[in-house]
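A.B. asks: query37.cif (mmCIF, C-alpha atoms) pasted underneath:
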data_query
#
loop_
_atom_site.label_atom_id
_atom_site.label_comp_id
_atom_site.auth_asym_id
_atom_site.auth_seq_id
_atom_site.Cartn_x
_atom_site.Cartn_y
_atom_site.Cartn_z
CA MET A 1 -220.20 135.30 -60.60
CA SER A 2 -223.27 134.29 -58.55
CA TRP A 3 -226.24 132.74 -60.33
CA ALA A 4 -228.53 134.20 -57.69
CA ARG A 5 -227.29 137.73 -58.33
CA LEU A 6 -228.44 137.46 -61.93
CA LEU A 7 -232.01 137.63 -60.64
CA THR A 8 -231.83 140.96 -58.84
CA SER A 9 -234.36 143.62 -59.77
CA PRO A 10 -234.45 146.17 -61.23
CA PRO A 11 -231.73 145.35 -63.77
CA PRO A 12 -228.83 147.76 -64.34
CA THR A 13 -229.04 150.11 -67.30
CA THR A 14 -225.49 149.43 -68.53
CA SER A 15 -223.66 146.21 -69.33
CA TRP A 16 -220.13 145.54 -70.55
CA ILE A 17 -218.56 142.68 -72.41
CA LEU A 18 -214.85 141.88 -72.55
CA ASP A 19 -212.91 139.34 -74.59
CA GLY A 20 -209.72 138.96 -76.56
CA SER A 21 -211.18 140.76 -79.60
CA VAL A 22 -213.40 143.56 -78.34
CA VAL A 23 -214.41 145.57 -75.30
CA ALA A 24 -217.92 146.99 -75.57
CA ALA A 25 -220.72 148.49 -73.52
CA LEU A 26 -224.48 148.68 -73.98
CA ARG A 27 -226.75 151.25 -72.32
CA ARG A 28 -230.49 150.82 -72.20
CA ASP A 29 -232.30 153.87 -73.51
CA PRO A 30 -235.35 155.04 -71.49
CA LYS A 31 -237.38 154.69 -74.70
CA GLY A 32 -236.61 150.96 -74.86
CA GLY A 33 -233.74 150.91 -77.34
CA ALA A 34 -230.01 150.74 -76.72
CA LEU A 35 -226.86 152.78 -77.22
CA TRP A 36 -223.51 151.09 -77.72
CA ALA A 37 -219.78 151.77 -77.99
CA ALA A 38 -216.86 149.44 -78.62
CA GLU A 39 -213.09 149.29 -79.02
CA ALA A 40 -210.87 146.54 -80.41
CA THR A 41 -208.86 144.76 -77.73
CA PRO A 42 -205.12 145.24 -78.34
CA PRO A 43 -202.75 142.33 -77.73
CA GLY A 44 -201.67 141.63 -74.18
CA VAL A 45 -204.63 143.08 -72.28
CA PHE A 46 -205.86 139.69 -71.06
CA GLU A 47 -203.95 136.49 -70.44
CA VAL A 48 -205.93 133.27 -70.14
CA GLY A 49 -204.49 130.20 -68.42
CA PRO A 50 -205.58 126.72 -67.35
CA VAL A 51 -208.20 128.01 -64.89
CA GLY A 52 -209.44 130.96 -66.93
CA LEU A 53 -208.49 134.62 -66.74
CA GLN A 54 -204.96 134.68 -65.37
CA SER A 55 -203.82 138.29 -65.59
CA VAL A 56 -204.93 141.74 -66.74
CA ASP A 57 -202.83 144.62 -68.05
CA ARG A 58 -204.64 147.24 -66.02
CA ARG A 59 -203.06 150.24 -67.78
CA LYS A 60 -204.23 149.09 -71.21
CA LEU A 61 -207.65 148.08 -69.95
CA VAL A 62 -208.23 151.39 -68.16
CA ALA A 63 -207.55 153.23 -71.43
CA LEU A 64 -210.16 151.12 -73.24
CA LEU A 65 -212.77 151.39 -70.51
CA GLY A 66 -212.27 155.13 -70.09
CA SER A 67 -212.72 155.80 -73.81
CA ILE A 68 -215.94 153.78 -74.02
CA HIS A 69 -217.39 155.04 -70.72
CA SER A 70 -216.88 158.69 -71.63
CA ARG A 71 -218.55 158.28 -75.03
CA LEU A 72 -221.46 156.16 -73.86
CA GLU A 73 -222.07 157.98 -70.56
CA GLY A 74 -223.07 154.68 -69.01
CA ALA A 75 -224.19 154.08 -65.44
CA ARG A 76 -221.68 154.04 -62.61
CA ARG A 77 -222.92 150.60 -61.54
CA ALA A 78 -222.98 148.02 -64.30
CA ALA A 79 -223.06 144.33 -65.16
CA VAL A 80 -219.90 142.84 -66.67
CA VAL A 81 -220.03 139.82 -69.00
CA VAL A 82 -216.84 137.88 -69.71
CA PRO A 83 -216.10 134.80 -71.83
CA THR A 84 -217.36 131.62 -70.21
CA GLY A 85 -213.83 130.22 -70.51
CA TRP A 86 -212.48 132.94 -68.18
CA THR A 87 -214.00 131.08 -65.22
CA ARG A 88 -214.62 127.46 -64.36
CA SER A 89 -218.08 126.20 -63.42
CA TYR A 90 -219.30 122.86 -62.13
CA VAL A 91 -222.52 121.27 -60.97
CA LEU A 92 -221.30 119.28 -57.94
CA SER A 93 -223.31 116.62 -56.11
CA PHE A 94 -222.80 115.50 -52.51
CA PRO A 95 -224.58 112.95 -50.28
CA GLU A 96 -225.00 115.72 -47.72
CA LEU A 97 -223.72 119.23 -47.10
CA PRO A 98 -222.84 121.14 -43.93
CA ARG A 99 -225.04 124.09 -43.02
CA ARG A 100 -222.29 126.48 -41.96
CA GLN A 101 -220.94 128.54 -44.85
CA ARG A 102 -217.28 128.12 -43.93
CA GLU A 103 -217.60 124.33 -43.66
CA LEU A 104 -219.51 124.26 -46.94
CA GLU A 105 -216.73 126.19 -48.68
CA GLN A 106 -214.13 123.79 -47.29
CA VAL A 107 -216.04 120.79 -48.65
CA VAL A 108 -216.21 122.39 -52.11
CA GLN A 109 -212.54 123.42 -51.98
CA TRP A 110 -211.58 119.82 -51.29
CA ARG A 111 -213.49 118.72 -54.41
CA LEU A 112 -211.92 121.51 -56.49
CA LYS A 113 -208.43 120.31 -55.53
CA LYS A 114 -209.07 117.33 -57.80
CA LEU A 115 -210.41 119.43 -60.67
CA LEU A 116 -208.13 122.48 -60.91
CA PRO A 117 -204.32 122.85 -61.03
CA VAL A 118 -204.15 125.72 -58.51
CA PRO A 119 -204.67 125.87 -54.73
CA PRO A 120 -208.35 126.58 -53.93
CA THR A 121 -207.19 129.41 -51.66
CA GLU A 122 -206.21 131.39 -54.80
CA LEU A 123 -209.75 131.19 -56.18
CA ARG A 124 -212.79 133.40 -55.84
CA MET A 125 -215.72 131.09 -55.38
CA SER A 126 -219.46 131.58 -55.75
CA LEU A 127 -221.79 128.78 -54.64
CA VAL A 128 -225.49 128.44 -55.43
CA SER A 129 -227.56 125.68 -53.83
CA LEU A 130 -229.72 123.71 -56.26
CA ALA A 131 -232.81 121.61 -55.64
CA PRO A 132 -232.04 118.08 -54.33
CA SER A 133 -232.10 115.32 -56.96
CA ASP A 134 -232.23 111.55 -56.34
CA GLY A 135 -231.40 112.11 -52.69
CA ALA A 136 -228.23 114.07 -53.43
CA ARG A 137 -227.50 117.71 -52.64
CA SER A 138 -226.18 119.76 -55.56
CA LEU A 139 -224.36 123.05 -55.93
CA LEU A 140 -223.45 125.23 -58.85
CA ALA A 141 -219.86 126.29 -58.16
CA MET A 142 -218.34 129.12 -60.18
CA VAL A 143 -214.68 129.92 -59.61
CA GLY A 144 -211.99 132.19 -61.01
CA LEU A 145 -208.54 133.40 -60.03
CA GLU A 146 -208.97 136.02 -57.32
CA ARG A 147 -206.01 138.19 -58.35
CA ALA A 148 -207.17 138.44 -61.98
CA LEU A 149 -210.77 139.26 -61.08
CA ALA A 150 -209.60 141.84 -58.55
CA GLU A 151 -207.46 143.54 -61.22
CA LEU A 152 -210.45 143.55 -63.57
CA GLU A 153 -212.64 145.21 -60.96
CA ALA A 154 -209.91 147.71 -60.08
CA ALA A 155 -209.64 148.79 -63.72
CA PHE A 156 -213.38 149.52 -63.85
CA ARG A 157 -213.27 151.47 -60.59
CA GLU A 158 -210.40 153.55 -61.92
CA VAL A 159 -212.73 154.95 -64.61
CA GLY A 160 -215.64 155.42 -62.21
CA VAL A 161 -217.58 152.21 -62.86
CA GLU A 162 -218.51 149.76 -60.10
CA PRO A 163 -219.05 146.19 -61.39
CA GLY A 164 -222.29 145.13 -59.73
CA MET A 165 -221.64 141.59 -60.95
CA ILE A 166 -219.28 139.65 -63.16
CA THR A 167 -220.60 136.61 -64.99
CA GLY A 168 -219.75 134.35 -67.92
CA GLN A 169 -221.60 134.69 -71.20
CA ILE A 170 -223.44 131.40 -70.84
CA PHE A 171 -224.86 132.39 -67.44
CA ALA A 172 -225.93 135.79 -68.75
CA LEU A 173 -227.81 133.99 -71.52
CA ALA A 174 -229.30 131.50 -69.07
CA ALA A 175 -230.85 134.34 -67.08
CA SER A 176 -233.56 134.55 -69.73
CA SER A 177 -233.65 130.96 -70.98
CA ALA A 178 -236.90 129.19 -71.84
CA PRO A 179 -238.84 126.98 -69.39
CA GLY A 180 -238.66 123.19 -69.57
CA ALA A 181 -235.46 121.33 -70.45
CA CYS A 182 -233.13 123.65 -72.33
CA LEU A 183 -229.57 123.15 -73.51
CA LEU A 184 -227.57 126.30 -74.16
CA VAL A 185 -224.68 125.71 -76.55
CA GLN A 186 -222.15 128.52 -76.58
CA GLN A 187 -218.96 128.60 -78.64
CA GLU A 188 -216.32 131.25 -78.16
CA GLN A 189 -212.66 131.44 -79.10
CA GLY A 190 -211.00 128.38 -77.59
CA PHE A 191 -214.05 126.97 -75.80
CA LEU A 192 -217.34 125.15 -76.24
CA SER A 193 -219.68 125.49 -73.24
CA LEU A 194 -222.87 123.56 -72.59
CA LEU A 195 -225.42 124.38 -69.90
CA LEU A 196 -228.48 122.24 -69.31
CA ALA A 197 -231.28 123.74 -67.25
CA GLU A 198 -234.54 122.02 -66.36
CA ALA A 199 -237.38 124.22 -65.13
CA GLY A 200 -234.79 126.97 -64.71
CA VAL A 201 -232.49 124.86 -62.51
CA PRO A 202 -228.97 123.99 -63.77
CA ARG A 203 -228.49 120.24 -64.13
CA LEU A 204 -225.28 120.04 -66.13
CA MET A 205 -222.41 122.37 -67.00
CA ARG A 206 -219.58 121.42 -69.34
CA THR A 207 -216.77 123.49 -70.83
CA LYS A 208 -214.61 121.90 -73.51
CA HIS A 209 -211.32 123.42 -74.62
CA LEU A 210 -211.12 123.69 -78.41
CA ALA A 211 -207.81 123.52 -80.21
CA SER A 212 -206.83 126.49 -82.35
CA SER A 213 -206.71 124.27 -85.44
CA GLY A 214 -207.68 120.79 -86.57
CA PRO A 215 -211.08 119.10 -87.00
CA LEU A 216 -213.09 121.46 -84.80
CA ALA A 217 -216.45 120.44 -86.27
CA GLU A 218 -215.76 116.79 -85.46
CA THR A 219 -214.75 117.68 -81.90
CA VAL A 220 -217.88 119.76 -81.37
CA ARG A 221 -220.20 117.09 -82.78
CA ARG A 222 -218.58 114.44 -80.58
CA GLU A 223 -219.02 116.58 -77.47
CA LEU A 224 -222.64 117.31 -78.33
CA GLY A 225 -223.33 113.61 -78.87
CA LEU A 226 -221.76 112.64 -75.55
CA THR A 227 -223.71 115.35 -73.74
CA LEU A 228 -227.02 114.36 -75.30
CA GLY A 229 -226.38 110.72 -74.34
CA TYR A 230 -225.67 111.77 -70.75
CA ILE A 231 -228.83 113.89 -70.62
CA ARG A 232 -231.00 111.03 -71.88
CA GLU A 233 -229.40 108.02 -70.20
CA THR A 234 -227.92 109.33 -66.94
CA LEU A 235 -230.09 112.32 -66.08
CA GLY A 236 -233.20 110.62 -67.42
CA ILE A 237 -234.54 113.61 -69.37
CA ASP A 238 -236.36 111.92 -72.23
CA GLY A 239 -238.87 114.60 -73.22
CA GLU A 240 -238.48 117.39 -75.74
CA LEU A 241 -235.18 119.19 -75.37
CA GLY A 242 -234.94 122.80 -76.53
CA VAL A 243 -231.56 123.88 -77.86
CA GLU A 244 -230.26 127.42 -78.25
CA VAL A 245 -226.99 128.12 -80.05
CA PHE A 246 -224.69 131.13 -79.73
CA ALA A 247 -221.53 130.66 -81.77
CA GLU A 248 -218.75 133.13 -82.41
CA ASN A 249 -217.58 131.03 -85.38
CA PRO A 250 -220.35 131.04 -88.04
CA ALA A 251 -219.16 127.75 -89.59
CA LEU A 252 -219.25 125.99 -86.23
CA GLY A 253 -222.63 127.55 -85.54
CA ARG A 254 -223.97 125.91 -88.73
CA GLU A 255 -222.42 122.58 -87.73
CA ILE A 256 -224.16 122.74 -84.36
CA GLU A 257 -227.51 123.61 -85.96
CA ASP A 258 -227.10 120.74 -88.46
CA TRP A 259 -226.38 118.37 -85.58
CA ARG A 260 -229.45 119.58 -83.72
CA ALA A 261 -231.69 119.16 -86.75
CA ALA A 262 -230.61 115.52 -87.10
CA GLN A 263 -231.59 114.59 -83.52
CA THR A 264 -234.92 113.12 -82.46
CA GLY A 265 -236.75 115.03 -79.73
CA VAL A 266 -234.45 118.05 -80.02
CA SER A 267 -235.88 121.35 -81.22
CA ALA A 268 -234.63 124.87 -81.76
CA LEU A 269 -235.84 127.52 -79.34
CA PRO A 270 -237.31 130.71 -80.82
CA VAL A 271 -234.79 133.36 -81.84
CA ARG A 272 -234.52 136.05 -79.18
CA PRO A 273 -235.44 139.62 -80.10
CA THR A 274 -232.62 142.11 -80.37
CA PRO A 275 -232.69 145.67 -79.07
CA ALA A 276 -233.31 148.60 -81.39
CA PHE A 277 -230.03 150.50 -81.62
CA ALA A 278 -230.05 154.27 -81.88
CA VAL A 279 -226.81 154.06 -83.90
CA SER A 280 -226.43 151.31 -86.49
CA GLY A 281 -223.49 148.94 -86.80
CA ALA A 282 -223.72 147.03 -83.50
CA GLU A 283 -224.78 143.75 -85.11
CA ALA A 284 -221.92 143.83 -87.60
CA ARG A 285 -219.32 144.87 -85.03
CA LEU A 286 -220.37 142.72 -82.07
CA GLY A 287 -222.52 139.90 -83.40
CA ALA A 288 -225.54 138.31 -81.70
CA GLU A 289 -223.28 136.11 -79.56
CA ARG A 290 -222.11 139.25 -77.71
CA ILE A 291 -225.21 141.44 -77.95
CA GLN A 292 -227.59 138.85 -76.51
CA PRO A 293 -225.78 138.23 -73.19
CA MET A 294 -225.24 141.97 -72.73
CA TRP A 295 -228.89 142.73 -73.45
CA ALA A 296 -230.06 139.88 -71.20
CA MET A 297 -228.42 141.67 -68.28
CA ILE A 298 -230.13 145.02 -68.79
CA ALA A 299 -233.46 144.30 -70.55
CA GLU A 300 -236.36 145.50 -68.44
CA ASP A 301 -238.48 142.43 -69.25
CA ARG A 302 -235.93 139.84 -68.18
CA PRO A 303 -237.14 137.27 -65.63
#
Could I get this file's structure written as structure tokens?

C.D. replies:
Amino acid sequence: MSWARLLTSPPPTTSWILDGSVVAALRRDPKGGALWAAEATPPGVFEVGPVGLQSVDRRKLVALLGSIHSRLEGARRAAVVVPTGWTRSYVLSFPELPRRQRELEQVVQWRLKKLLPVPPTELRMSLVSLAPSDGARSLLAMVGLERALAELEAAFREVGVEPGMITGQIFALAASSAPGACLLVQQEQGFLSLLLAEAGVPRLMRTKHLASSGPLAETVRRELGLTLGYIRETLGIDGELGVEVFAENPALGREIEDWRAAQTGVSALPVRPTPAFAVSGAEARLGAERIQPMWAMIAEDRP
């Protein structure tokens, strides 16, 4: 869950993705392509609550992981990508910050008490210091329920895989985002996530819960409008803003692209290349919104 750990080198050769619909793994082929395997996620494997992933049915998950791992023959150490909504992430600003790690964690825990409905002691927390801005010190704080993440890791270890890192989809995608001011817009089941990075440094992170029914397009457009206003008026970023969209729902993806096209000073970033798969069917089964964050974790040419 650490932004800094996304930048380790060399990258792993195997990455996994988990969500309520599918569990899949990608293995980088020495020739530059990729192998893949996937299984549908049966009901009850993952339970998501108000602070993200809440519980894991380890028995069911072990069966899925074991089947995929044995077929793919993936690496024992791998990257794991989860839905952005399974964790909570914030860019927090402070007038000053203590230097000692324990005191720093206590300061952040106090702030999280006001943001999350669980005691901070039940959370796993990853903190990344960001460059000072306007005299304030900023941190990217990524948190998730410790017991749920521990169960997830235990399930992988039971099939002989050591998760080298666990990160949300939007952070996996940000690991290879374009320079300049870039807004990543990621929609997954139940959530819309927005990550603004400027010169590779996170400036804004928002995650909006989406209702299961109702005027979703209107909700998404409203959130995008509010975010763009904040970027321009509060953060003072008035130059060209590149936007990249990864949407699980094709209709919402089109709505987001239509919104982007109607904005002044907002442009689409180039479409990312996809790996060459030795066995066809990955695009249809997984979609670009899953393939791209998995591939970003294992591509040899990532930043």

A.B. asks: Env of Tyr90 of chain A: 9 Å cut, atoms = all atoms listed in the file, seq-sep filter 2 positions within chain, self excluded. Answer as a ChimeraX atom specification.

C.D. replies: /A:88,92,139-143,204-206

A.B. asks: Measuring atom to atom with only C-alpha atoms, identify which of A:Val159, A:Ala181, A:Ile298, A:Ala63 is nearest to Ala34 of chain A.

C.D. replies: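 Distance minimum relative to Ala34 of chain A lands on A:Ile298.
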
A.B. asks: Counting only C-alpha atoms, which of A:Gly229, A:Gly180, A:Gly242, A:Pro50 gets nearest to Pro117 of chain A?

C.D. replies: A:Pro50

A.B. asks: Please report as CSV every residue of segment 133-188 of chain A lying within 10 Å of segment 14-28 of chain A, along with the nearest atom pair and their distance in Å (one decimal), using all atoms listed in the file.

C.D. replies:
residue,atom,partner,partner_atom,distance
A:Pro163,CA,A:Ser15,CA,9.2
A:Gly164,CA,A:Ser15,CA,9.8
A:Met165,CA,A:Ser15,CA,9.8
A:Ile166,CA,A:Trp16,CA,9.5
A:Thr167,CA,A:Ile17,CA,9.8
A:Gly168,CA,A:Ile17,CA,9.5
A:Gln169,CA,A:Ile17,CA,8.6
A:Glu188,CA,A:Asp19,CA,9.5

A.B. asks: Once the PyMOL selection byres ((chain A and resi 52-54) around 6) has been evaluated on this model, what residues remain selected, and can you format them as a JSON list (two decimals) with C-alpha atoms, in the frame of the given file?

C.D. replies:
[["chain", "number", "residue", "atom", "x", "y", "z"],
["A", 47, "GLU", "CA", -203.95, 136.49, -70.44],
["A", 48, "VAL", "CA", -205.93, 133.27, -70.14],
["A", 49, "GLY", "CA", -204.49, 130.20, -68.42],
["A", 50, "PRO", "CA", -205.58, 126.72, -67.35],
["A", 51, "VAL", "CA", -208.20, 128.01, -64.89],
["A", 55, "SER", "CA", -203.82, 138.29, -65.59],
["A", 85, "GLY", "CA", -213.83, 130.22, -70.51],
["A", 86, "TRP", "CA", -212.48, 132.94, -68.18],
["A", 87, "THR", "CA", -214.00, 131.08, -65.22],
["A", 148, "ALA", "CA", -207.17, 138.44, -61.98]]

A.B. asks: Measuring between all atoms listed in the file, which one of A:Phe156, A:Phe277, A:Phe191, A:Trp295 shows the shortest distance to Pro11 of chain A?

C.D. replies: A:Trp295

A.B. asks: In Å, how far is it from atom CA of Ala197 of chain A to atom CA of Glu283 of chain A?

C.D. replies: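 That distance, rounded to one decimal, is 27.6 Å.
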
A.B. asks: Can you work out the spacing between atom CA of Cys182 of chain A and atom CA of Ala261 of chain A in Å, to one decimal?

C.D. replies: 15.2 Å

A.B. asks: Could you give me the axis-aligned bounding box of segment 279-287 of chain A, with 4 Å of padding per side, as centre plus edge lengths in Å to one decimal, as lines of an AutoDock Vina configuration file?

C.D. replies:
center_x = -223.1
center_y = 147.0
center_z = -84.8
size_x = 15.5
size_y = 22.2
size_z = 13.5

A.B. asks: On this structure, the PyMOL selection byres ((chain A and resi 246-260) around 10) would catch which residues? List them as a VMD selection string, sorted by chain and number.

C.D. replies: chain A and resid 169 to 170 173 184 to 189 192 to 193 216 to 218 220 to 221 224 to 225 242 to 245 261 to 268 286 to 290 292 to 293

A.B. asks: Could you tell me, as a ChimeraX atom specification, which residues have any atom at most 7 Å from (-227.8, 121.9, -60.0), counting only C-alpha atoms?

C.D. replies: /A:91,130-131,138-140,201-204

A.B. asks: Just write the chosen residues, C-alpha atoms, as a PDB file, keeping the file's coordinate frame.

C.D. replies:
ATOM      1  CA  VAL A  91    -222.520 121.270 -60.970  1.00  0.00           C
ATOM      2  CA  LEU A 130    -229.720 123.710 -56.260  1.00  0.00           C
ATOM      3  CA  ALA A 131    -232.810 121.610 -55.640  1.00  0.00           C
ATOM      4  CA  SER A 138    -226.180 119.760 -55.560  1.00  0.00           C
ATOM      5  CA  LEU A 139    -224.360 123.050 -55.930  1.00  0.00           C
ATOM      6  CA  LEU A 140    -223.450 125.230 -58.850  1.00  0.00           C
ATOM      7  CA  VAL A 201    -232.490 124.860 -62.510  1.00  0.00           C
ATOM      8  CA  PRO A 202    -228.970 123.990 -63.770  1.00  0.00           C
ATOM      9  CA  ARG A 203    -228.490 120.240 -64.130  1.00  0.00           C
ATOM     10  CA  LEU A 204    -225.280 120.040 -66.130  1.00  0.00           C
TER      11      LEU A 204
END

A.B. asks: Check the smallest atom-to-atom distance from each of A:Met297, A:Val128, A:Leu210, A:Leu183 to Glu240 of chain A using only C-alpha atoms, then report the winner.

C.D. replies: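 For Glu240 of chain A, the nearest of the given residues is A:Leu183.
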